[in-house]
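Below you'll find the structure, written out as structure tokens, and then a few comments.
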Amino acid sequence: MSKGFVVFAQNTEATDYIKQAYALALSIKNTQSNVTNISVITNDIVPEQYCNVFDQIIPIPWGDLSKNPLWKIENRWKVYHASPYDETIVLDTDMLFLEDISNWWDYCSTSDLKFCSKIKNFKGEIVTRDLHHRKAFINNGLSNPYVALMYFKKSDLAHDFYKVLEFVCKNWEYCYKKYAPNNFQNWLSIDLASAIAIDIMGTEEQVIDPTLPFEFVHMKPAIQNIIPVPINWQDILSINYQQNKLFIANQKQRYLFHYVKKDFLTDDIIKILEDCANGRS
Amino acid sequence: MTTGAIIFAQNNGAINYVKLAKFSAKQIQKHLRIPVSLVTDKNSVGEDLSIFDSVIYVDDYKHTQHRKFHDGTLASVQAEWKNFTRSQIYDLTPYDRTLVIDSDYIINSSVLLPALENDHLFQIYKNSFDLAGWRNTDSFNRLNQYSIPFYWATTFIFEKHKTTETFFMLVSYIKENWQYYRILYSIDSTAFRNDFAFSIAIHIMNDSDDGDFATSLPGNMSYVTDRDLLVSATDNKMQFLIEKEGRYGEYTLAKTNGLDIHVMNKTSLLRYIEGGTGV
């Protein structure tokens, strides 16, 4: 059974997602002991110096459906069909691995589809009810998946899920009105669309697993438990990154770090990742 | 293996810490049945110290600092804050296993006995409970909202071991370089505080993570602040006047029974000890 990580990366005017995917790929090479394959799904040109970290560079199947020039997620349901692996962990591009998570693969090996539902802030505090971003989930009784970190195996269950997700993404206004009318969200988000797809399929107990070891540090400013909420967390918290160890305000970050704010990924951090990958640190 | 308690008490002109220590020592002997030694300085003598197993003298620290000591909501006094010797405990204690407590921590139960008998190297309170119930306790959860978990240096138990020796060397190093560390950990106050230095040292000993260097002492550390008043302390029962929320200068009566408690209003505690009530 082949295993690998897959990311979608579609550059916008504001954000170089290919560069983020490159940094994530380097962090995978630097930390993972077993699975180091990562493929990127994109129609953008991948710079030559980035190419060698990717296992495969895969064009977006069936054309680019994204309409929003700032936030391109309409294609995300295609990841199942595009992934070259039997077992896939799907990630957001703006993440870095800090530790070996090989045991996550072991845990998932007997499952077909799993979503991360546990996030922490930089202080290590588990975010239990995110009333800033997840009102539509909470007030409509939906499950709480984080698609920034999820697993699927090529299987009937995962295939069915992505078929339903395709329907929800293509008819999101209809689905939101039907399944998430409270705190109506007037834009397509892949997390809410996935929660609705899980609800339609009735598979919450199967795919949202409280014992799943998946977790990541989510740096959305509003869940850092800091008042007033900063616009950029980097403006008020110190960053110390060296040899795959990341300290935010002197506190060691674990496993997988979702930095959210693109300015975090400086050339210095890329250089550290490259040096580590090349055995120069 | 010898086991005993150490109380630090250095008088400051406003508060007779040695008298507090004598009261606290009686409570330890009654409920925990272990010998108690006193760490003090030559400015703090003049009392009958026969209650103590031994008296250990320390020199004044090279720096002095002052802070405000409240006595209820309406009164306060500015006085010297002599808190620099705590990090020397590893060398000062005559015991293999030592309970270290502040002179204003009153033992009213045997809840710490199992902690004196287990084999953890270092035990300290992280979680606490404010008797008032309504006050914001965020500053006792983390050093500040950006920073690391808070630990109380008020009460801890340690065993002599290379690991704990390293820890206290680290606390000393942090103390010697306090202005650096307080900026590094976003601490606004310039005054050195043992709770902060211990919290930073524990954080470092834990590799800046949720490590297991420090084991939690049994239960939570209960406290009343120096905005509250002690009314009485008889046997293992205590009565307090707790400041009311939003009603300046008014209090609510609270009683405890068999509860170890940190009485931060040292002036009130001293008034009670010297005969009378703490009010």
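Ligands are numbered from 1 in the order shown, chains are lettered A, B, ... in the order of the structure tokens, and residues start at 1 in each chain.
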Would you kindly return, as a PyMOL selection string, each protein, DNA or RNA residue with an atom no farther than 7 Å from any atom of Phe122 of chain A, considering only C-alpha atoms and excluding same-chain residues fewer than 2 positions away? chain A and resi 120+124+217+219+224+248+253
Contact check, chain B to chain A, at most 6 Å, counting only C-alpha atoms, closest pairs as CSV:
```
residue,atom,partner,partner_atom,distance
B:Gln145,CA,A:Ile226,CA,6.0
B:Ser208,CA,A:Lys252,CA,5.3
B:Asp209,CA,A:Lys252,CA,5.5
```
Would you save the residues from that selection as an mmCIF file, in the first residue's frame, using C-alpha atoms?
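Output contents, as saved in result-v9.cif:
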```cif
data_model
loop_
_atom_site.group_PDB
_atom_site.id
_atom_site.type_symbol
_atom_site.label_atom_id
_atom_site.label_comp_id
_atom_site.auth_asym_id
_atom_site.auth_seq_id
_atom_site.Cartn_x
_atom_site.Cartn_y
_atom_site.Cartn_z
ATOM 1 C CA GLN B 145 -1.604 35.653 28.761
ATOM 2 C CA SER B 208 9.841 24.096 27.250
ATOM 3 C CA ASP B 209 6.941 21.668 27.027
#
```
If you run DSSP on the backbone here, which positions in segment 12-243 of chain B get alpha helix (DSSP H)? Please write them as a VMD selection string. chain B and resid 17 to 31 89 to 92 113 to 117 162 to 176 178 to 184 194 to 205
Selection near Thr128 of chain A, 10 Å with only C-alpha atoms, sequence-local residues under 4 positions removed, as a PyMOL selection string: chain A and resi 117-120+144
For Ile41 of chain A, please output as number ranges by chain all residues within 12 Å (counting only C-alpha atoms; exclusion window: fewer than 5 positions along the same chain). A: 5-11, 17-18, 21, 46, 54-61, 63-64, 75-84, 90-93
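Counting from atom CA of Ile269 of chain A, the distance to atom CA of Tyr255 of chain A is 17.2 Å.
Of all the residues in segment 60-216 of chain A, the ones DSSP labels as strand (DSSP E) from the backbone are A:Glu87, A:Thr88, A:Ile89, A:Val90, A:Leu91, A:Met95, A:Leu96, A:Phe97, A:Leu113, A:Lys114, A:Phe115, A:Cys116, A:Ile119, A:Lys120, A:Tyr146, A:Val147, A:Ala148, A:Leu149, A:Met150, A:Tyr151, A:Phe152, A:Lys153, A:Phe216.
Shortest atom-to-atom contact with Gln206 of chain A among A:Glu48, A:Glu99, A:Asp112, A:Asp160: A:Asp112, counting only C-alpha atoms.
A straight line drawn from atom CA of Ser172 of chain B to atom CA of Tyr185 of chain B is 16.6 Å long.
Omitting Gly4 of chain A and its sequence neighbours fewer than 2 positions away, and counting only C-alpha atoms, the residues within 10 Å are Ser2, Val6, Asn34, Val35, Thr36, Asn37, Ile38, Ser39, Asp55, Ser83, Pro84, Tyr85, Asp86, Glu87, Thr88, Ile89, Val90 and Trp105 of chain A.
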Here atom CA of Asn121 of chain A and atom CA of Val229 of chain A stand apart by 13.1 Å
Leu32 of chain B: which residues within 10 Å, counting only C-alpha atoms, same-chain residues fewer than 6 positions away excluded, as a PyMOL selection string? chain B and resi 4-5+26+107-114+116
